[in-house]
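To start, the structure itself, in structure tokens.
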Amino acid sequence: MDKRALITGITGQDGSYLAELLIERGYKVYGIQRRTSTIVTERINSLLDNGSVETFYGDLSDVNSIIRVLKEVKPDIVFNLGAMSHVKVSFDIPDYTVQIVALAPVRILESLRLLDMKDTRYYQASSSEIFGSSSAPQVETTTMLPVSPYGCAKLLGYHITRVYRAGYGMFASNGILFNHESPRRGETFVTKKIVRAAVRIKLGKQKSVKLGNLDAKRDWGHARDYMRAVIMIMEHDKPEDWVVATGEYHSVREFADRVFDYLGLRADDYIEISGDYFRPNEVPELLGDSKKISDILGWHPDITFEGLIKDMIESAWKEETVAVNQAQWRAPSYLR
Ligand code: NAP
Ligand code: F7E
């Protein structure tokens, strides 16, 4: 019988790639979708339309909705990707960030335990932000010193996953993923913001772009490669914690230079620095060492830094130049 996967955060960047990859592998895929007043299903509309994904209304702040969906779907694996995932915003809404990012893992794991679903595997979308101010390169054993509300909340999620694994013998694994991007990246993350602005500047639709700290360095991979790693982590025979990274880092300035250069422009001519985009605390450099997942599971990223930039630029170009049909909102099927 087909394995059943439940994805929280299915409407997000990673959720959409993960759903596609799981479907290719023969899983039946379900998702928790929250009620919103505007369109949020663009990334999975095609999967909803062809019936390969089914969603249920729920919210990670509402344990009853989590229990209802778990009982309905009876998943073999829960992928907990849902989060308020913006580090800068987490300084503005720290309480809410903790409610969702830290407590949803507690809610899901404890629900699985109380529902006697301890054989259901649990994946926690952990983050390199938990390393915070620890110096690069970071591995699974690096000291975790988060410097943002988001990082602190993710650290609780990381530890509670280990607690349920050790305490109750549950198959609960953390993927400690470094930054990963794609054409589907949210528009307020720096890579997408730069790519979109550069394309619009080239097309004469925008004059400049305001950015914050250009000196921060990030280990940027492609989301599709990273979701492939997530499936390998969950299909492994043992629950463990895994760093997923490319092992190569670049500054924000360098990312911008490469993007503008690709379009035949000079980044310096168009970038303005604005205090609005600096954070109270910054993570200066993230550089992952994914030797463990490479040695044990044989995972390696396929898409290079240059390939990522090309993919993002070409897609943004299409978005800005081809008239696309207005995306349509998709409610869960039982409401359509
Ligand atoms: P994303 O694009 O921001 O997607 C977040 C998802 O969570 C969306 O589907 C969002 O739903 C959902 N969500 C937010 N609050 C929710 C709530 N209260 N109840 C139910 N769902 C809620 O993030 P992503 O880049 O795909 O990242 C996926 C996960 O990996 C997140 O946990 C993130 O923190 C973590 N992570 C990401 C990276 C990265 O570089 N991308 C690196 C390490 C870890 P809406 O569509 O309704 O907003
Ligand atoms: O910032 C700098 C900013 O917001 C990257 C999330 O997916 O990865 C992501 O978090 C860097 C930072 O990603 C702007 O200060 C400069 O140093 O794209 P970002 P992030 O904060 O690294 C981790 C691993 C996650 O887990 C998160 O969920 O870029 N920066 N100027 C800027 N950043 C933004 N957003 N906007 C700017 O204008």
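Every chain in the structure tokens takes a letter, A first, then B, and so on in the order presented; its residues are numbered from 1, and the ligands are numbered from 1 following the presented order.
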
Sort by chain and increasing residue number a table of all residues of range 30-121 of chain A within 9 Å of range 156-166 of chain A, each with its closest pair of atoms and their distance in Å to one decimal, counting only C-alpha atoms, and write it as a tab-separated table.
residue	atom	partner	partner_atom	distance
A:Val101	CA	A:Gly157	CA	7.1
A:Ala102	CA	A:Gly157	CA	5.0
A:Leu103	CA	A:Gly157	CA	7.3
A:Ala104	CA	A:Gly157	CA	8.0
A:Pro105	CA	A:Gly157	CA	5.7
A:Val106	CA	A:Ile160	CA	6.7
A:Leu109	CA	A:Tyr164	CA	7.2
A:Glu110	CA	A:Tyr164	CA	8.5
A:Arg113	CA	A:Tyr164	CA	8.9

Restricting it to C-alpha atoms, dump the selection as a CSV table (one decimal), in the first residue's frame.
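Just written: result15.csv:
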chain,number,residue,atom,x,y,z
A,101,VAL,CA,8.1,27.5,15.6
A,102,ALA,CA,8.8,26.1,19.0
A,103,LEU,CA,5.5,24.8,20.2
A,104,ALA,CA,4.1,23.2,17.0
A,105,PRO,CA,6.7,20.4,17.3
A,106,VAL,CA,5.7,19.8,20.9
A,109,LEU,CA,4.9,15.0,18.8
A,110,GLU,CA,2.7,14.8,21.9
A,113,ARG,CA,2.2,9.9,21.4

Report as a Markdown table: every residue of chain A with an atom at most 7 Å from ligand 1, its closest pair of atoms, and their distance in Å to one decimal, counting only C-alpha atoms and all ligand atoms, with rows sorted by chain and ascending residue number.
| residue | atom | partner | partner_atom_place_in_ligand_line | distance |
| --- | --- | --- | --- | --- |
| A:Thr8 | CA | ligand 1 | 21 (N) | 6.0 |
| A:Gly9 | CA | ligand 1 | 9 (O) | 3.2 |
| A:Ile10 | CA | ligand 1 | 9 (O) | 4.9 |
| A:Thr11 | CA | ligand 1 | 9 (O) | 3.8 |
| A:Gly12 | CA | ligand 1 | 4 (O) | 3.4 |
| A:Gln13 | CA | ligand 1 | 26 (O) | 3.7 |
| A:Asp14 | CA | ligand 1 | 26 (O) | 3.7 |
| A:Gly15 | CA | ligand 1 | 26 (O) | 5.7 |
| A:Ile32 | CA | ligand 1 | 20 (C) | 6.6 |
| A:Gln33 | CA | ligand 1 | 21 (N) | 6.2 |
| A:Arg34 | CA | ligand 1 | 20 (C) | 5.2 |
| A:Thr36 | CA | ligand 1 | 47 (O) | 6.4 |
| A:Val40 | CA | ligand 1 | 46 (O) | 5.0 |
| A:Thr41 | CA | ligand 1 | 46 (O) | 6.9 |
| A:Gly58 | CA | ligand 1 | 20 (C) | 6.4 |
| A:Asp59 | CA | ligand 1 | 19 (N) | 3.7 |
| A:Leu60 | CA | ligand 1 | 19 (N) | 3.9 |
| A:Ser61 | CA | ligand 1 | 18 (N) | 5.4 |
| A:Asn80 | CA | ligand 1 | 32 (O) | 6.9 |
| A:Leu81 | CA | ligand 1 | 29 (C) | 4.1 |
| A:Gly82 | CA | ligand 1 | 7 (O) | 3.2 |
| A:Ala83 | CA | ligand 1 | 14 (C) | 4.2 |
| A:Met84 | CA | ligand 1 | 14 (C) | 4.9 |
| A:Ser85 | CA | ligand 1 | 34 (O) | 4.1 |
| A:His86 | CA | ligand 1 | 3 (O) | 6.8 |
| A:Ile100 | CA | ligand 1 | 18 (N) | 5.7 |
| A:Ala125 | CA | ligand 1 | 30 (O) | 4.8 |
| A:Ser126 | CA | ligand 1 | 44 (C) | 5.3 |
| A:Ser127 | CA | ligand 1 | 43 (C) | 3.8 |
| A:Ser128 | CA | ligand 1 | 43 (C) | 6.0 |
| A:Ile176 | CA | ligand 1 | 43 (C) | 6.6 |
| A:Leu177 | CA | ligand 1 | 43 (C) | 4.5 |
| A:Phe178 | CA | ligand 1 | 42 (C) | 5.0 |
| A:Asn179 | CA | ligand 1 | 40 (O) | 3.3 |
| A:His180 | CA | ligand 1 | 40 (O) | 4.0 |
| A:Glu181 | CA | ligand 1 | 41 (N) | 6.1 |
| A:Arg185 | CA | ligand 1 | 2 (O) | 6.3 |
| A:Gly186 | CA | ligand 1 | 2 (O) | 5.7 |

Report the distance between CA of Trp299 in chain A and CA of Val87 in chain A in Å, rounded to one decimal place.
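These atoms are spaced 27.2 Å apart.
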
As an exercise, work out the distance from CA of Asp237 in chain A to CA of Gln124 in chain A in Å and give it to one decimal place.
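Result for CA of Asp237 in chain A versus CA of Gln124 in chain A: 16.5 Å, one decimal.
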
I'd like to know which of A:Ser274, A:Thr120, A:Asn64, A:Ser208 is closest to ligand 2, using only C-alpha atoms and all ligand atoms.
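Smallest separation from ligand 2 among the options: A:Ser274.
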
Nearest to ligand 2, chosen from A:Ile67, A:Val29, A:Val199, A:Ala216, with only C-alpha atoms and all ligand atoms counted in the distances:
A:Ala216

Taking the DSSP secondary structure from the backbone, can you list the residues of range 175-209 of chain A that are strand (DSSP E), as a ChimeraX atom specification?
/A:175-177,180-181,209
